[in-house]
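Dropping run_5.txt in here (compact mmCIF, C-alpha atoms and all ligand atoms):
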```
# COMPACT_ATOMS: atom_id res chain seq x y z
CA MET A 18 -191.64 -20.10 -111.52
CA TYR A 19 -193.87 -21.77 -108.98
CA CYS A 20 -196.48 -23.61 -111.02
CA SER A 21 -199.59 -24.29 -109.02
CA GLU A 22 -203.30 -23.71 -109.46
CA LYS A 23 -203.00 -21.66 -106.25
CA CYS A 24 -200.47 -19.20 -107.71
CA LYS A 25 -201.06 -16.90 -110.67
CA GLN A 26 -199.05 -14.06 -112.12
CA ILE A 27 -201.56 -11.24 -112.67
CA ASP A 28 -199.26 -8.75 -114.38
CA GLU A 29 -195.56 -8.05 -114.74
CA ALA A 30 -195.23 -7.03 -111.09
CA THR A 31 -198.07 -8.87 -109.28
CA PHE A 32 -198.75 -12.42 -108.18
CA ALA A 33 -201.81 -13.82 -106.43
CA LEU A 34 -201.22 -16.74 -104.08
CA GLN A 35 -204.24 -18.48 -102.62
CA ILE A 36 -203.96 -19.23 -98.91
CA PRO A 37 -206.38 -20.91 -96.50
CA LYS A 38 -208.29 -18.27 -94.54
CA ASP A 39 -209.50 -20.63 -91.83
CA ARG A 40 -206.08 -21.63 -90.51
CA ASP A 41 -202.73 -20.02 -89.71
CA PHE A 42 -200.51 -19.13 -92.66
CA LYS A 43 -196.84 -19.25 -91.70
CA ILE A 44 -194.08 -17.34 -93.47
CA LEU A 45 -190.49 -18.04 -92.46
CA GLN A 46 -188.20 -15.08 -93.10
CA LEU A 47 -184.59 -16.12 -93.67
CA THR A 48 -181.89 -13.56 -94.25
CA ASP A 49 -178.24 -13.19 -95.17
CA LEU A 50 -177.49 -16.82 -95.97
CA HIS A 51 -174.21 -15.68 -97.58
CA LEU A 52 -173.78 -18.95 -99.43
CA GLY A 53 -170.48 -19.17 -101.29
CA PHE A 54 -170.70 -22.53 -103.08
CA GLY A 55 -167.02 -22.22 -103.93
CA PHE A 56 -163.94 -24.21 -102.94
CA LEU A 57 -163.22 -21.93 -99.97
CA SER A 58 -166.67 -22.07 -98.43
CA ARG A 59 -167.72 -25.72 -98.53
CA GLY A 60 -167.66 -26.33 -94.78
CA ARG A 61 -169.46 -23.10 -93.90
CA ASP A 62 -172.03 -23.57 -96.67
CA LYS A 63 -172.89 -26.91 -95.16
CA LEU A 64 -173.46 -25.25 -91.78
CA ALA A 65 -175.71 -22.61 -93.40
CA LEU A 66 -177.75 -25.13 -95.38
CA ASP A 67 -178.12 -27.36 -92.31
CA ALA A 68 -179.33 -24.32 -90.35
CA VAL A 69 -181.98 -23.58 -92.99
CA SER A 70 -183.11 -27.22 -93.01
CA ARG A 71 -183.42 -27.24 -89.23
CA LEU A 72 -185.45 -24.02 -89.21
CA ILE A 73 -187.84 -25.34 -91.85
CA GLU A 74 -188.19 -28.63 -89.99
CA LYS A 75 -188.85 -26.76 -86.74
CA THR A 76 -191.39 -24.24 -88.06
CA LYS A 77 -193.06 -26.09 -90.95
CA PRO A 78 -193.78 -22.88 -92.86
CA ASP A 79 -196.18 -22.44 -95.78
CA MET A 80 -193.79 -20.07 -97.50
CA LEU A 81 -190.22 -18.76 -97.28
CA VAL A 82 -189.08 -15.18 -97.80
CA LEU A 83 -185.35 -14.49 -98.22
CA THR A 84 -184.42 -10.87 -97.53
CA GLY A 85 -181.15 -10.55 -99.43
CA ASP A 86 -177.46 -11.48 -99.41
CA SER A 87 -178.56 -15.03 -100.16
CA VAL A 88 -175.43 -15.70 -102.17
CA PHE A 89 -171.97 -14.25 -101.68
CA PRO A 90 -169.87 -14.01 -104.87
CA PHE A 91 -166.87 -12.61 -103.02
CA LEU A 92 -163.67 -14.30 -104.17
CA PRO A 93 -161.58 -14.11 -100.97
CA ARG A 94 -164.29 -15.80 -98.89
CA SER A 95 -166.11 -18.05 -101.35
CA GLY A 96 -163.46 -18.87 -103.91
CA THR A 97 -165.84 -17.95 -106.73
CA MET A 98 -167.57 -14.95 -108.23
CA ASN A 99 -170.03 -17.04 -110.18
CA ASN A 100 -173.29 -15.89 -108.64
CA GLY A 101 -175.25 -17.62 -111.42
CA LYS A 102 -173.93 -20.97 -110.27
CA GLN A 103 -174.57 -19.97 -106.66
CA ALA A 104 -178.18 -19.02 -107.41
CA LYS A 105 -178.81 -22.32 -109.22
CA LYS A 106 -177.42 -24.29 -106.29
CA LEU A 107 -179.54 -22.33 -103.84
CA MET A 108 -182.67 -22.93 -105.95
CA THR A 109 -181.99 -26.66 -106.19
CA PHE A 110 -181.66 -26.74 -102.41
CA LEU A 111 -184.83 -24.69 -101.75
CA ASP A 112 -186.91 -26.51 -104.39
CA GLY A 113 -186.21 -29.70 -102.42
CA PHE A 114 -188.51 -28.51 -99.61
CA LYS A 115 -191.49 -28.20 -102.01
CA ILE A 116 -192.56 -24.93 -100.33
CA PRO A 117 -193.06 -21.72 -102.34
CA TYR A 118 -190.36 -19.16 -101.73
CA THR A 119 -189.64 -15.61 -102.76
CA LEU A 120 -186.77 -13.20 -102.32
CA VAL A 121 -185.35 -9.73 -102.64
CA PHE A 122 -181.78 -8.83 -103.52
CA GLY A 123 -179.26 -7.57 -100.99
CA ASN A 124 -176.09 -5.61 -101.58
CA HIS A 125 -173.97 -8.76 -101.96
CA ASP A 126 -175.99 -10.95 -104.36
CA CYS A 127 -174.36 -9.19 -107.33
CA GLU A 128 -170.97 -8.11 -105.98
CA MET A 129 -168.86 -6.02 -108.32
CA GLY A 130 -167.20 -8.35 -110.82
CA SER A 131 -169.61 -11.23 -110.28
CA THR A 132 -170.71 -13.28 -113.28
CA CYS A 133 -174.36 -12.21 -113.49
CA ASP A 134 -175.94 -8.81 -113.09
CA LYS A 135 -179.28 -8.49 -111.30
CA GLU A 136 -181.33 -8.90 -114.49
CA GLU A 137 -179.54 -12.14 -115.32
CA LEU A 138 -179.89 -13.38 -111.77
CA ALA A 139 -183.60 -12.51 -111.84
CA LYS A 140 -184.07 -14.61 -114.98
CA LEU A 141 -182.44 -17.55 -113.20
CA TYR A 142 -184.61 -17.23 -110.09
CA GLN A 143 -187.71 -17.14 -112.29
CA GLN A 144 -186.83 -20.71 -113.29
CA GLY A 145 -186.97 -22.04 -109.72
CA LYS A 146 -189.65 -24.72 -109.45
CA TYR A 147 -191.11 -23.25 -106.25
CA CYS A 148 -189.83 -19.70 -106.70
CA ILE A 149 -192.25 -16.77 -106.92
CA PHE A 150 -190.17 -14.03 -108.47
CA THR A 151 -190.18 -11.49 -111.26
CA GLU A 152 -187.91 -8.66 -112.33
CA GLY A 153 -190.98 -6.45 -112.12
CA ARG A 154 -191.54 -3.41 -114.28
CA LYS A 155 -188.64 -1.74 -116.05
CA ASN A 156 -189.44 1.75 -114.74
CA PRO A 157 -188.85 1.82 -111.01
CA THR A 158 -185.21 1.57 -109.96
CA GLY A 159 -183.93 -1.85 -108.97
CA VAL A 160 -184.75 -5.40 -109.95
CA GLY A 161 -187.42 -7.46 -108.23
CA ASN A 162 -189.96 -4.87 -107.10
CA PHE A 163 -193.27 -6.72 -107.04
CA LEU A 164 -196.32 -7.64 -104.97
CA ILE A 165 -197.63 -11.00 -103.85
CA GLU A 166 -201.29 -10.74 -102.96
CA LEU A 167 -202.32 -13.47 -100.55
CA VAL A 168 -205.93 -14.18 -101.51
CA ASP A 169 -208.77 -16.44 -100.38
CA GLU A 170 -210.66 -18.90 -102.59
CA GLU A 171 -212.87 -16.11 -103.96
CA GLY A 172 -209.84 -14.01 -104.85
CA LYS A 173 -210.33 -11.50 -102.00
CA VAL A 174 -207.00 -10.02 -100.89
CA LEU A 175 -206.20 -11.03 -97.29
CA LEU A 176 -202.69 -9.63 -97.02
CA VAL A 177 -200.16 -8.12 -99.43
CA LEU A 178 -196.44 -8.90 -99.48
CA VAL A 179 -194.46 -6.00 -100.93
CA MET A 180 -191.06 -7.06 -102.24
CA LEU A 181 -188.58 -4.23 -102.82
CA ASP A 182 -185.01 -3.94 -104.03
CA SER A 183 -183.25 -1.63 -101.56
CA ASN A 184 -180.42 -1.38 -104.15
CA MET A 185 -176.71 -1.57 -103.38
CA TYR A 186 -174.35 1.36 -103.13
CA GLY A 187 -174.77 5.08 -103.68
CA GLU A 188 -173.03 7.41 -106.11
CA GLY A 189 -169.79 5.85 -107.26
CA GLY A 190 -171.38 2.45 -106.94
CA TRP A 191 -169.06 0.78 -104.50
CA PHE A 192 -168.95 -0.01 -100.79
CA PHE A 193 -167.24 3.24 -99.77
CA SER A 194 -170.00 5.34 -101.40
CA GLY A 195 -172.28 4.18 -98.61
CA PHE A 196 -175.45 2.15 -98.92
CA ASP A 197 -178.14 3.14 -101.37
CA CYS A 198 -181.82 3.38 -100.44
CA ILE A 199 -185.27 2.60 -101.83
CA HIS A 200 -185.59 5.24 -104.56
CA GLU A 201 -188.41 7.72 -104.97
CA ASP A 202 -189.77 6.08 -108.14
CA GLN A 203 -190.01 2.76 -106.27
CA VAL A 204 -191.86 4.49 -103.43
CA ASP A 205 -194.27 6.12 -105.91
CA TRP A 206 -194.96 2.80 -107.64
CA CYS A 207 -195.49 0.97 -104.34
CA MET A 208 -197.77 3.60 -102.79
CA GLU A 209 -199.88 3.87 -105.95
CA ARG A 210 -200.41 0.13 -105.99
CA LEU A 211 -201.32 0.04 -102.29
CA ALA A 212 -203.65 3.03 -102.62
CA ALA A 213 -205.51 1.23 -105.43
CA LEU A 214 -205.87 -1.90 -103.28
CA LYS A 215 -207.08 0.23 -100.35
CA GLU A 216 -209.75 1.75 -102.55
CA GLU A 217 -211.11 -1.74 -103.28
CA ASN A 218 -210.76 -2.88 -99.67
CA PRO A 219 -210.24 -0.20 -96.97
CA ASP A 220 -209.07 -2.85 -94.45
CA VAL A 221 -206.27 -4.24 -96.60
CA LYS A 222 -202.89 -4.56 -94.87
CA ALA A 223 -199.43 -5.19 -96.21
CA MET A 224 -195.97 -6.26 -95.07
CA ALA A 225 -192.86 -5.03 -96.87
CA PHE A 226 -189.66 -7.04 -97.30
CA PHE A 227 -186.35 -5.45 -98.30
CA HIS A 228 -182.69 -5.90 -97.42
CA MET A 229 -181.32 -2.71 -95.90
CA PRO A 230 -182.82 -1.15 -92.74
CA LEU A 231 -184.52 2.24 -92.98
CA PRO A 232 -183.09 5.29 -91.17
CA GLU A 233 -186.33 5.45 -89.17
CA PHE A 234 -185.49 2.09 -87.58
CA LYS A 235 -182.41 3.67 -86.01
CA GLU A 236 -184.36 6.82 -85.13
CA ALA A 237 -186.99 4.72 -83.34
CA TYR A 238 -184.34 2.73 -81.46
CA GLU A 239 -182.67 5.89 -80.22
CA LYS A 240 -185.99 7.39 -79.14
CA MET A 241 -186.84 4.18 -77.31
CA LYS A 242 -183.56 4.25 -75.41
CA LEU A 243 -184.32 7.80 -74.35
CA GLY A 244 -187.59 6.60 -72.88
CA ASP A 245 -190.01 7.58 -75.63
CA LYS A 246 -193.04 5.47 -74.78
CA SER A 247 -194.51 5.83 -78.26
CA VAL A 248 -191.93 3.31 -79.50
CA ILE A 249 -192.92 -0.19 -78.46
CA TYR A 250 -190.24 -2.82 -77.98
CA GLN A 251 -191.18 -6.26 -79.33
CA HIS A 252 -188.11 -8.52 -79.23
CA GLY A 253 -184.42 -8.91 -80.00
CA SER A 254 -181.44 -6.63 -79.71
CA ILE A 255 -178.97 -4.38 -81.49
CA SER A 256 -175.75 -6.36 -81.13
CA GLU A 257 -173.64 -4.87 -83.93
CA LYS A 258 -170.52 -3.11 -82.65
CA ASN A 259 -171.26 0.44 -81.45
CA GLU A 260 -174.98 -0.23 -81.99
CA TYR A 261 -174.46 0.04 -85.73
CA PHE A 262 -177.32 0.26 -88.23
CA GLY A 263 -176.31 -0.19 -91.89
CA ILE A 264 -178.62 2.55 -93.09
CA SER A 265 -178.35 4.75 -96.13
CA LYS A 266 -176.95 8.25 -95.92
CA TYR A 267 -179.20 9.14 -98.84
CA GLY A 268 -182.35 9.19 -96.72
CA GLY A 269 -185.40 8.12 -98.68
CA THR A 270 -189.07 8.69 -97.99
CA PHE A 271 -190.32 5.13 -97.92
CA PHE A 272 -191.14 5.07 -94.21
CA ASP A 273 -192.94 8.44 -94.11
CA ARG A 274 -194.92 7.61 -97.24
CA ALA A 275 -195.85 4.21 -95.78
CA VAL A 276 -197.12 5.88 -92.58
CA GLU A 277 -199.14 8.34 -94.65
CA ASN A 278 -200.51 5.62 -96.96
CA GLY A 279 -201.43 3.45 -93.98
CA VAL A 280 -201.50 0.00 -95.63
CA ILE A 281 -198.06 -1.30 -94.62
CA LYS A 282 -198.10 -2.39 -90.98
CA TRP A 283 -194.96 -4.56 -90.94
CA MET A 284 -191.48 -4.17 -92.42
CA PHE A 285 -188.79 -6.86 -92.44
CA CYS A 286 -185.13 -6.40 -93.32
CA GLY A 287 -181.75 -8.07 -92.87
CA HIS A 288 -178.26 -6.74 -93.69
CA ASP A 289 -176.95 -6.21 -90.14
CA HIS A 290 -176.38 -9.82 -89.19
CA LEU A 291 -176.08 -9.30 -85.44
CA ASN A 292 -179.17 -7.10 -85.08
CA THR A 293 -182.43 -8.89 -84.30
CA LEU A 294 -184.53 -6.03 -82.93
CA SER A 295 -188.24 -5.66 -83.53
CA LEU A 296 -190.19 -2.58 -82.47
CA VAL A 297 -193.34 -0.67 -83.37
CA TYR A 298 -192.92 2.96 -84.47
CA LYS A 299 -195.69 5.19 -85.82
CA GLY A 300 -197.94 2.16 -86.28
CA ILE A 301 -195.42 0.05 -88.20
CA GLN A 302 -193.60 -2.95 -86.75
CA MET A 303 -190.01 -2.93 -88.03
CA THR A 304 -188.10 -6.19 -87.62
CA TYR A 305 -184.57 -7.31 -88.29
CA GLY A 306 -184.75 -10.97 -89.29
CA MET A 307 -182.55 -13.38 -87.37
CA SER A 308 -179.74 -14.22 -89.80
CA ILE A 309 -177.90 -17.32 -90.98
CA ASP A 310 -174.44 -16.09 -92.10
CA TYR A 311 -171.44 -18.34 -91.42
CA LEU A 312 -169.22 -16.74 -94.08
CA GLY A 313 -169.74 -12.98 -94.55
CA TYR A 314 -168.64 -11.53 -91.23
CA LYS A 315 -165.19 -12.56 -90.10
CA GLY A 316 -165.42 -15.10 -87.28
CA ILE A 317 -169.23 -15.18 -87.28
CA GLN A 318 -169.33 -18.96 -87.36
CA LYS A 319 -168.50 -18.82 -83.65
CA SER A 320 -171.26 -16.33 -82.86
CA TYR A 321 -174.71 -17.77 -82.27
CA ILE A 322 -177.22 -15.52 -80.46
CA GLN A 323 -178.23 -13.88 -83.75
CA ARG A 324 -178.66 -17.05 -85.76
CA GLY A 325 -182.09 -18.31 -86.73
CA GLY A 326 -185.17 -17.30 -88.67
CA THR A 327 -188.22 -15.14 -88.08
CA LEU A 328 -191.64 -16.72 -88.12
CA ILE A 329 -194.49 -14.51 -89.32
CA THR A 330 -197.91 -16.03 -88.74
CA ARG A 331 -201.13 -14.68 -90.19
CA LYS A 332 -203.77 -16.17 -87.97
CA ALA A 333 -207.23 -17.18 -89.09
CA ASP A 334 -208.59 -14.22 -87.04
CA LYS A 335 -206.39 -11.88 -89.18
CA ALA A 336 -203.97 -11.13 -86.32
CA VAL A 337 -200.28 -11.26 -87.23
CA GLU A 338 -197.62 -12.63 -84.89
CA VAL A 339 -193.87 -12.13 -85.41
CA LYS A 340 -191.54 -14.45 -83.49
CA MET A 341 -187.84 -15.11 -83.34
CA VAL A 342 -186.89 -18.70 -84.05
CA PRO A 343 -183.35 -19.03 -82.71
CA LEU A 344 -181.21 -22.01 -83.67
CA GLY A 345 -179.49 -22.01 -80.32
CA SER A 346 -181.01 -21.85 -76.88
CA VAL A 347 -179.92 -18.28 -76.07
CA VAL A 348 -181.50 -15.12 -77.47
CA SER A 349 -180.24 -11.62 -76.80
CA THR A 350 -182.84 -9.12 -75.68
CA ARG A 351 -180.29 -6.65 -74.45
CA VAL A 352 -181.44 -3.17 -75.29
CA ARG A 353 -179.82 -0.55 -73.15
CA GLY A 354 -182.29 1.44 -71.09
CA VAL A 355 -185.28 -0.68 -72.01
CA LYS A 356 -186.81 -3.20 -69.68
CA LYS A 357 -188.13 -6.45 -71.08
CA PRO A 358 -191.93 -6.28 -71.39
FE FE M 1 -175.38 -9.71 -95.36
FE FE M 2 -176.19 -6.69 -96.77
```
Can you turn what I pasted into structure tokens?
Amino acid sequence: MYCSEKCKQIDEATFALQIPKDRDFKILQLTDLHLGFGFLSRGRDKLALDAVSRLIEKTKPDMLVLTGDSVFPFLPRSGTMNNGKQAKKLMTFLDGFKIPYTLVFGNHDCEMGSTCDKEELAKLYQQGKYCIFTEGRKNPTGVGNFLIELVDEEGKVLLVLVMLDSNMYGEGGWFFSGFDCIHEDQVDWCMERLAALKEENPDVKAMAFFHMPLPEFKEAYEKMKLGDKSVIYQHGSISEKNEYFGISKYGGTFFDRAVENGVIKWMFCGHDHLNTLSLVYKGIQMTYGMSIDYLGYKGIQKSYIQRGGTLITRKADKAVEVKMVPLGSVVSTRVRGVKKP
């Protein structure tokens, strides 16, 4: 747990982190590191860790947010299923930067048959010297549903980070059951918390971080391609084969409830390593983080236009800027039917 006079745990699912209100506060979103830390992945792990180091050096962030699939306990690729060992190695690496970091789980952090379940992994991450993480309350589905309130010196909330477990697989519990979604009880919990904050401060805004994209992201993309001017292109592309979105077939109401609640203005996900799109739909900017993966997708070490991080800057004037930080010099902005702004 990050021990600092600037960071306090308020209750089982809430942290307050003091940030300077008179200068930019920079959050670097990193996603899908897919670190193996096994005998089969040594070379590719080194590439991934070097990539993270370079991004941190380049952006000098105040905080890191990892949006899932950080470790990859998949025997054929990593040579190990010990995700506890993987998590410890990742924490040792991240603690070395002396920057607070937080994370959500993806669908691969606790692969079937891996050593630790999510609860055990959560307990490990809570030990990270610079890690802000909690299992959260027992009631809502998932592990690691919590809020980080970014506050000023007087304790006034400037921005809320909503961390959500988008779960793993649907009924049957394995890959072929399709991806799960953010469950209704999680949505209820989140919206209640945000409504209470809005009551105290009607201007409060939040950004949500979770692993799997929402169905509405795909819906917005398709509308945009058909020329719907209400969807506003920001950056990036959909470069997965056949314009694939790894969304849940189980639906979920998170997006609609967020629109109705009105506090969440930004959503950040990962999961589809080649997708880097960012657009604004119904008042919410949805962004696929640039990814790191050198190990998960077959042959991805040779692919580069998707690789990097996403820099989220809260400016002193309260404006928020979301930028791609590519590791290479080429960025894909190819979106069929849409002209670059
Ligand atoms: Fe992934
Ligand atoms: Fe994933």
Top pick for closest residue to Leu344 (chain A), considering A:Leu243, A:Val160, A:Leu64, A:Ile329 and counting all atoms listed in the file: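 Closest to Leu344 (chain A), using all atoms listed in the file: A:Leu64.
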Expected selection as a PyMOL selection string for ligand FE 1 (chain M) within 6 Å, only C-alpha atoms and all ligand atoms: chain A and resi 49+86+288
Quick one: which chain A residues come within 12 Å of ligand FE 2 (chain M), and what is the nearest atom pair for each with the distance in Å to one decimal, counting only C-alpha atoms and all ligand atoms, rows ordered by chain and ascending number, as a Markdown table?
```
| residue | atom | partner | partner_atom | distance |
| --- | --- | --- | --- | --- |
| A:Thr48 | CA | M:FE2 | FE | 9.3 |
| A:Asp49 | CA | M:FE2 | FE | 7.0 |
| A:Leu50 | CA | M:FE2 | FE | 10.2 |
| A:His51 | CA | M:FE2 | FE | 9.2 |
| A:Thr84 | CA | M:FE2 | FE | 9.3 |
| A:Gly85 | CA | M:FE2 | FE | 6.8 |
| A:Asp86 | CA | M:FE2 | FE | 5.6 |
| A:Ser87 | CA | M:FE2 | FE | 9.3 |
| A:Val88 | CA | M:FE2 | FE | 10.5 |
| A:Phe89 | CA | M:FE2 | FE | 10.0 |
| A:Val121 | CA | M:FE2 | FE | 11.3 |
| A:Phe122 | CA | M:FE2 | FE | 9.0 |
| A:Gly123 | CA | M:FE2 | FE | 5.3 |
| A:Asn124 | CA | M:FE2 | FE | 4.9 |
| A:His125 | CA | M:FE2 | FE | 6.0 |
| A:Asp126 | CA | M:FE2 | FE | 8.7 |
| A:Cys127 | CA | M:FE2 | FE | 11.0 |
| A:Glu128 | CA | M:FE2 | FE | 10.7 |
| A:Asp182 | CA | M:FE2 | FE | 11.7 |
| A:Ser183 | CA | M:FE2 | FE | 9.9 |
| A:Asn184 | CA | M:FE2 | FE | 10.0 |
| A:Met185 | CA | M:FE2 | FE | 8.4 |
| A:Tyr186 | CA | M:FE2 | FE | 10.4 |
| A:Phe192 | CA | M:FE2 | FE | 10.6 |
| A:Gly195 | CA | M:FE2 | FE | 11.7 |
| A:Phe196 | CA | M:FE2 | FE | 9.1 |
| A:Asp197 | CA | M:FE2 | FE | 11.0 |
| A:Phe227 | CA | M:FE2 | FE | 10.3 |
| A:His228 | CA | M:FE2 | FE | 6.6 |
| A:Met229 | CA | M:FE2 | FE | 6.6 |
| A:Pro230 | CA | M:FE2 | FE | 9.5 |
| A:Phe262 | CA | M:FE2 | FE | 11.1 |
| A:Gly263 | CA | M:FE2 | FE | 8.1 |
| A:Ile264 | CA | M:FE2 | FE | 10.2 |
| A:Ser265 | CA | M:FE2 | FE | 11.7 |
| A:Cys286 | CA | M:FE2 | FE | 9.6 |
| A:Gly287 | CA | M:FE2 | FE | 6.9 |
| A:His288 | CA | M:FE2 | FE | 3.7 |
| A:Asp289 | CA | M:FE2 | FE | 6.7 |
| A:His290 | CA | M:FE2 | FE | 8.2 |
| A:Leu291 | CA | M:FE2 | FE | 11.6 |
| A:Tyr305 | CA | M:FE2 | FE | 11.9 |
| A:Ser308 | CA | M:FE2 | FE | 10.9 |
| A:Asp310 | CA | M:FE2 | FE | 10.6 |
| A:Gly313 | CA | M:FE2 | FE | 9.3 |
| A:Tyr314 | CA | M:FE2 | FE | 10.5 |
```
Distance criterion (only C-alpha atoms): nearest to Thr158 (chain A) out of A:Gln144, A:Gln203, A:Gln103, A:Asn259: A:Gln203
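Separating CA of Lys155 (chain A) from CA of Ile27 (chain A) is a distance of 16.4 Å.
Every protein, DNA or RNA residue with an atom at most 12 Å from Asp28 (chain A), where all atoms listed in the file count and chain neighbours fewer than 3 positions away do not, is listed here: Lys25, Thr31, Phe32, Ala33, Thr151, Glu152, Gly153, Arg154, Phe163, Leu164, Ile165 and Glu166 of chain A.
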Counting all atoms listed in the file, the residue of A:Leu34, A:Met108, A:Ala65, A:Val179 that sits nearest Tyr311 (chain A):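 Looking at the shortest contact to Tyr311 (chain A), the residue is A:Ala65.
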For Val82 (chain A), the nearest of the candidates A:Phe110, A:Phe226, A:Phe54, A:Tyr142, counting only C-alpha atoms: A:Phe226
All residues 8 Å or closer to region 94-99 of chain A, all atoms listed in the file, same chain fewer than 3 positions away omitted, as a PyMOL selection string: chain A and resi 52-58+89-91+102-103+128+130-133+312-313
Region 145-150 of chain A environment, 8 Å, all atoms listed in the file, sequence neighbours closer than 5 positions dropped, as a ChimeraX atom specification: /A:18-20,32,108-109,111-112,115-120,139,161
